[in-house]
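This report refers to the structure that appears directly beneath it.
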Amino acid sequence: MSGPPRPQPPAAGAGLVLEGGGMRGLFTAGVLDALYAEGIRFPGIIAVSAGAAFGCNFKSGQPGRALRYNVRYCRDGRYWGLASLFRTGDLFNADFCYRAIPRELDPWDAAAFEADPARFWVVATDADTAEPACTELIRADGLACEWIRASASMPGVSRPVPIDGRRWLDGGISDAIPLARFQAMGYRRCVVVLTRPAGYRKRSTRLAALLARAALRRFPAIAEAMVSRPARYNRALDHVAAEEARGNAFVIRPPRALPVGRTTRSPDALRRTHALGLEAARSALPALREWLAAST
C-alpha cells in the first residue's frame, strides 16, 4: 500500500532528489537510465511531479520505459491535449496515463518495484491549504498511481486528485526541489537531478500573478502559492548551491536549456532531451563515483 513516511533513521548512503518539469523530466529519465546501467543505486528517492512519474521506473528496474511510452504516445489524443482538457478537465488524460499505460500498454513492473529495497517518496500539494505532503509508495498499485498523478497534476489544467478525503495537486507548487525535506528525513547527502541549467532563476511578474489568481480563484491558497512560487523556488536553488558547496549535494543538471517545455509533442525533441540526460550522467560518472564513495 501507499502511505505517509515511516520513522526514518539516518540513511546509509546518498539519497536521490528528482525535480519535476513536465516533459523536461525526460532529461531526468536519461540521467537515471545511465545511472542504472552503471549499477548505481540509492537507498532512498524523493520525487516531484514528472520526477515521480518517470523516476518510479528506476526503482522498478525499467530503464528506457519513460522515453518509450512518451515517444509512442506524445501525439496520441488519448494521452494528452486540449480535447482531453475540455472533455475530462485534465490536460493529461488520467485514465490513459495512469491506468491504460501502466496496466496494459507499457506495464509498470509492480513486482520489481515492490521487491527493490530503495524507499520511494512523492511530494504532492494539498489543494485547499497549499501545504506539501510527502507519501511513501510501498506498493505499485492503483493508489500509488493516484499519488503519482496527484504529484504531477499541474494547477489550472488538471483536476485535483481526491485521496483520503483531501484533494491534491502538483508537488512542485509547494516543494519543487525537496532537498531540505529529504535531509530532514535522514538523507544528509543527496544526488539532486535538476531540469534547468546552471544560472536559471524563476522570475515573477505582475501579469503572472494576476493570471494565477484569475485561473485559480476556486483554489485561493494554490493561487497565492503560485504567486510566491518563484521566490520559494529560488530559495530552494540557493539551498542546493550551498549544500553542493559543502559537499552534501551532488548536482546533475542540463548543460543548457532543454529543447522541450512542459508540454512538447515532438518525438525528436523528447529523444534529444533524454540523450542530454544520458550524456550529463555519463560525463559526471567519475566525480559522482568518488562523491558516492564518501557517502557509504
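Chain lettering (A, B, ...) mirrors the order of the C-alpha cells, residue numbering begins at 1 for each chain separately, and ligand numbering begins at 1 in order of display.
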Contact check, range 136-228 of chain A to range 12-35 of chain A, at most 9 Å, counting only C-alpha atoms, closest pairs as a Markdown table:
```
| residue | atom | partner | partner_atom | distance |
| --- | --- | --- | --- | --- |
| A:Ala152 | CA | A:Gly22 | CA | 7.9 |
| A:Met154 | CA | A:Gly22 | CA | 9.0 |
| A:Gly171 | CA | A:Gly20 | CA | 8.5 |
| A:Gly172 | CA | A:Gly20 | CA | 6.8 |
| A:Ala176 | CA | A:Glu19 | CA | 6.2 |
| A:Ile177 | CA | A:Glu19 | CA | 5.5 |
| A:Pro178 | CA | A:Val17 | CA | 6.8 |
| A:Leu179 | CA | A:Val17 | CA | 6.3 |
| A:Phe182 | CA | A:Gly15 | CA | 7.7 |
| A:Gln183 | CA | A:Gly15 | CA | 8.5 |
| A:Gly186 | CA | A:Ala12 | CA | 8.9 |
| A:Tyr187 | CA | A:Gly15 | CA | 5.4 |
| A:Arg188 | CA | A:Ala14 | CA | 7.4 |
| A:Arg189 | CA | A:Ala14 | CA | 5.2 |
| A:Cys190 | CA | A:Gly15 | CA | 4.5 |
| A:Val191 | CA | A:Leu16 | CA | 4.9 |
| A:Val192 | CA | A:Val17 | CA | 4.7 |
| A:Val193 | CA | A:Leu18 | CA | 5.2 |
| A:Leu194 | CA | A:Glu19 | CA | 5.5 |
| A:Thr195 | CA | A:Arg24 | CA | 6.0 |
| A:Arg196 | CA | A:Arg24 | CA | 8.4 |
```
Neighbours of Asn93 in chain A within 7 Å (only C-alpha atoms; same-chain residues fewer than 6 positions away dropped), as a list in words? Arg78, Tyr79, Trp80 and Ser84 of chain A
With only C-alpha atoms as the counted atoms, please give the residues lying no more than 8 Å from Asp109 in chain A, apart from itself and same-chain residues fewer than 6 positions off, as a ChimeraX atom specification. /A:60-62,140
Rounded to one decimal in Å, what is the spacing between CA of Glu136 in chain A and CA of Ile173 in chain A?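 Computing the Euclidean distance for CA of Glu136 in chain A and CA of Ile173 in chain A yields 18.8 Å.
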With only C-alpha atoms as the atoms that count, which of A:Val227, A:Ala221, A:Met185, A:Leu258 lies nearest to Thr125 in chain A? A:Ala221
Where in range 15-76 of chain A does DSSP assign alpha helix (DSSP H), given as number ranges by chain? A: 25-37, 50-59, 65-73
Quick one: residues within 6 Å of Leu137 in chain A, only C-alpha atoms counted, chain neighbours fewer than 2 positions away excluded, as an MDAnalysis selection string? chainID A and resid 2 120:121 139 144
Take the selection from the previous step and output its residues with N, CA, C and O atoms, as a PDB file, in the first residue's frame.
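Saved file part_35.pdb follows:
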```pdb
ATOM      1  N   SER A   2       0.255   2.398  -0.175  1.00  0.00           N
ATOM      2  CA  SER A   2       0.968   3.661  -0.098  1.00  0.00           C
ATOM      3  C   SER A   2       0.590   4.318   1.213  1.00  0.00           C
ATOM      4  O   SER A   2      -0.473   4.082   1.771  1.00  0.00           O
ATOM      5  N   PHE A 120      10.785   4.972  -1.725  1.00  0.00           N
ATOM      6  CA  PHE A 120      10.405   5.934  -2.760  1.00  0.00           C
ATOM      7  C   PHE A 120       9.266   6.819  -2.245  1.00  0.00           C
ATOM      8  O   PHE A 120       8.200   6.320  -1.901  1.00  0.00           O
ATOM      9  N   TRP A 121       9.518   8.127  -2.201  1.00  0.00           N
ATOM     10  CA  TRP A 121       8.515   9.092  -1.746  1.00  0.00           C
ATOM     11  C   TRP A 121       8.135  10.035  -2.879  1.00  0.00           C
ATOM     12  O   TRP A 121       8.964  10.381  -3.724  1.00  0.00           O
ATOM     13  N   ARG A 139       3.733  -0.026  -2.359  1.00  0.00           N
ATOM     14  CA  ARG A 139       3.261  -0.939  -3.394  1.00  0.00           C
ATOM     15  C   ARG A 139       3.042  -0.170  -4.691  1.00  0.00           C
ATOM     16  O   ARG A 139       2.682   1.010  -4.672  1.00  0.00           O
ATOM     17  N   ALA A 144      -0.869   4.012  -5.606  1.00  0.00           N
ATOM     18  CA  ALA A 144       0.426   4.616  -5.935  1.00  0.00           C
ATOM     19  C   ALA A 144       0.315   5.448  -7.210  1.00  0.00           C
ATOM     20  O   ALA A 144       0.862   6.564  -7.289  1.00  0.00           O
TER      21      ALA A 144
END
```
Need to verify the contact set: Ala110 in chain A, 10 Å, only C-alpha atoms, exclusion of same-chain residues closer than 3 positions in sequence. Can you return it as a PyMOL selection string? chain A and resi 57+59-60+102-103+107+113-115+139-141
Put those residues in a file: N, CA and C atoms, as an mmCIF file, in the first residue's frame.
```cif
data_model
loop_
_atom_site.group_PDB
_atom_site.id
_atom_site.type_symbol
_atom_site.label_atom_id
_atom_site.label_comp_id
_atom_site.auth_asym_id
_atom_site.auth_seq_id
_atom_site.Cartn_x
_atom_site.Cartn_y
_atom_site.Cartn_z
ATOM 1 N N ASN A 57 10.386 4.349 -12.525
ATOM 2 C CA ASN A 57 10.966 3.287 -13.352
ATOM 3 C C ASN A 57 12.373 2.907 -12.912
ATOM 4 N N LYS A 59 13.301 2.557 -9.738
ATOM 5 C CA LYS A 59 13.098 1.578 -8.676
ATOM 6 C C LYS A 59 12.545 0.258 -9.217
ATOM 7 N N SER A 60 11.772 0.310 -10.301
ATOM 8 C CA SER A 60 11.214 -0.931 -10.863
ATOM 9 C C SER A 60 12.150 -1.577 -11.880
ATOM 10 N N PRO A 102 0.197 2.147 -17.549
ATOM 11 C CA PRO A 102 0.933 1.309 -16.587
ATOM 12 C C PRO A 102 0.356 -0.090 -16.393
ATOM 13 N N ARG A 103 -0.909 -0.292 -16.732
ATOM 14 C CA ARG A 103 -1.510 -1.608 -16.531
ATOM 15 C C ARG A 103 -1.492 -2.485 -17.781
ATOM 16 N N PRO A 107 3.396 -1.895 -19.302
ATOM 17 C CA PRO A 107 3.176 -2.120 -17.869
ATOM 18 C C PRO A 107 4.343 -1.711 -16.976
ATOM 19 N N PHE A 113 9.217 -3.240 -8.544
ATOM 20 C CA PHE A 113 9.182 -2.023 -7.726
ATOM 21 C C PHE A 113 9.099 -2.371 -6.247
ATOM 22 N N GLU A 114 8.215 -3.304 -5.924
ATOM 23 C CA GLU A 114 7.996 -3.649 -4.516
ATOM 24 C C GLU A 114 9.159 -4.455 -3.938
ATOM 25 N N ALA A 115 9.854 -5.208 -4.771
ATOM 26 C CA ALA A 115 10.979 -6.019 -4.295
ATOM 27 C C ALA A 115 12.249 -5.200 -4.115
ATOM 28 N N ARG A 139 3.733 -0.026 -2.359
ATOM 29 C CA ARG A 139 3.261 -0.939 -3.394
ATOM 30 C C ARG A 139 3.042 -0.170 -4.691
ATOM 31 N N ALA A 140 3.231 -0.824 -5.813
ATOM 32 C CA ALA A 140 2.994 -0.222 -7.127
ATOM 33 C C ALA A 140 1.575 -0.564 -7.562
ATOM 34 N N ASP A 141 0.615 -0.005 -6.857
ATOM 35 C CA ASP A 141 -0.785 -0.335 -7.098
ATOM 36 C C ASP A 141 -1.534 0.890 -7.617
#
```
Sel. of strand (DSSP E or B) residues, range 20-127 of chain A, as a list in words: Gly44, Ile45, Ile46, Ala47, Val48, Trp80, Phe92, Arg119, Phe120, Trp121, Val122, Val123, Ala124, Thr125 and Asp126 of chain A
Store the residues picked out above in a file with C-alpha atoms, as a PDB file, in the first residue's frame.
```pdb
ATOM      1  CA  GLY A  44      16.013   6.419  -0.760  1.00  0.00           C
ATOM      2  CA  ILE A  45      14.420   8.516  -3.506  1.00  0.00           C
ATOM      3  CA  ILE A  46      12.159  11.557  -3.236  1.00  0.00           C
ATOM      4  CA  ALA A  47      10.475  12.814  -6.397  1.00  0.00           C
ATOM      5  CA  VAL A  48       8.163  15.573  -7.542  1.00  0.00           C
ATOM      6  CA  TRP A  80      -2.890  14.445 -23.639  1.00  0.00           C
ATOM      7  CA  PHE A  92      -3.076  14.662 -19.434  1.00  0.00           C
ATOM      8  CA  ARG A 119      12.358   3.622  -0.455  1.00  0.00           C
ATOM      9  CA  PHE A 120      10.405   5.934  -2.760  1.00  0.00           C
ATOM     10  CA  TRP A 121       8.515   9.092  -1.746  1.00  0.00           C
ATOM     11  CA  VAL A 122       6.421  11.514  -3.784  1.00  0.00           C
ATOM     12  CA  VAL A 123       5.534  15.102  -2.901  1.00  0.00           C
ATOM     13  CA  ALA A 124       2.049  16.479  -3.566  1.00  0.00           C
ATOM     14  CA  THR A 125       0.336  19.735  -2.587  1.00  0.00           C
ATOM     15  CA  ASP A 126      -2.922  19.998  -0.635  1.00  0.00           C
TER      16      ASP A 126
END
```
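For the choices A:Arg235, A:Gly51, A:Ile101, A:Gly142, the atom-to-atom distance to Arg72 in chain A is smallest for A:Ile101 when using only C-alpha atoms.
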Separation of CA of Ala150 in chain A from CA of Ala50 in chain A, in Å and rounded to one decimal: 10.6 Å
What is the CA of Arg282 in chain A to CA of Asn234 in chain A distance in Å?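 CA of Asn234 in chain A lies at a distance of 27.3 Å from CA of Arg282 in chain A.
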Check the smallest atom-to-atom distance from each of A:Pro162, A:Gly247, A:Gly81, A:Pro220 to Trp291 in chain A using only C-alpha atoms, then report the winner.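 Ranked by minimum distance to Trp291 in chain A, first place goes to A:Gly247.
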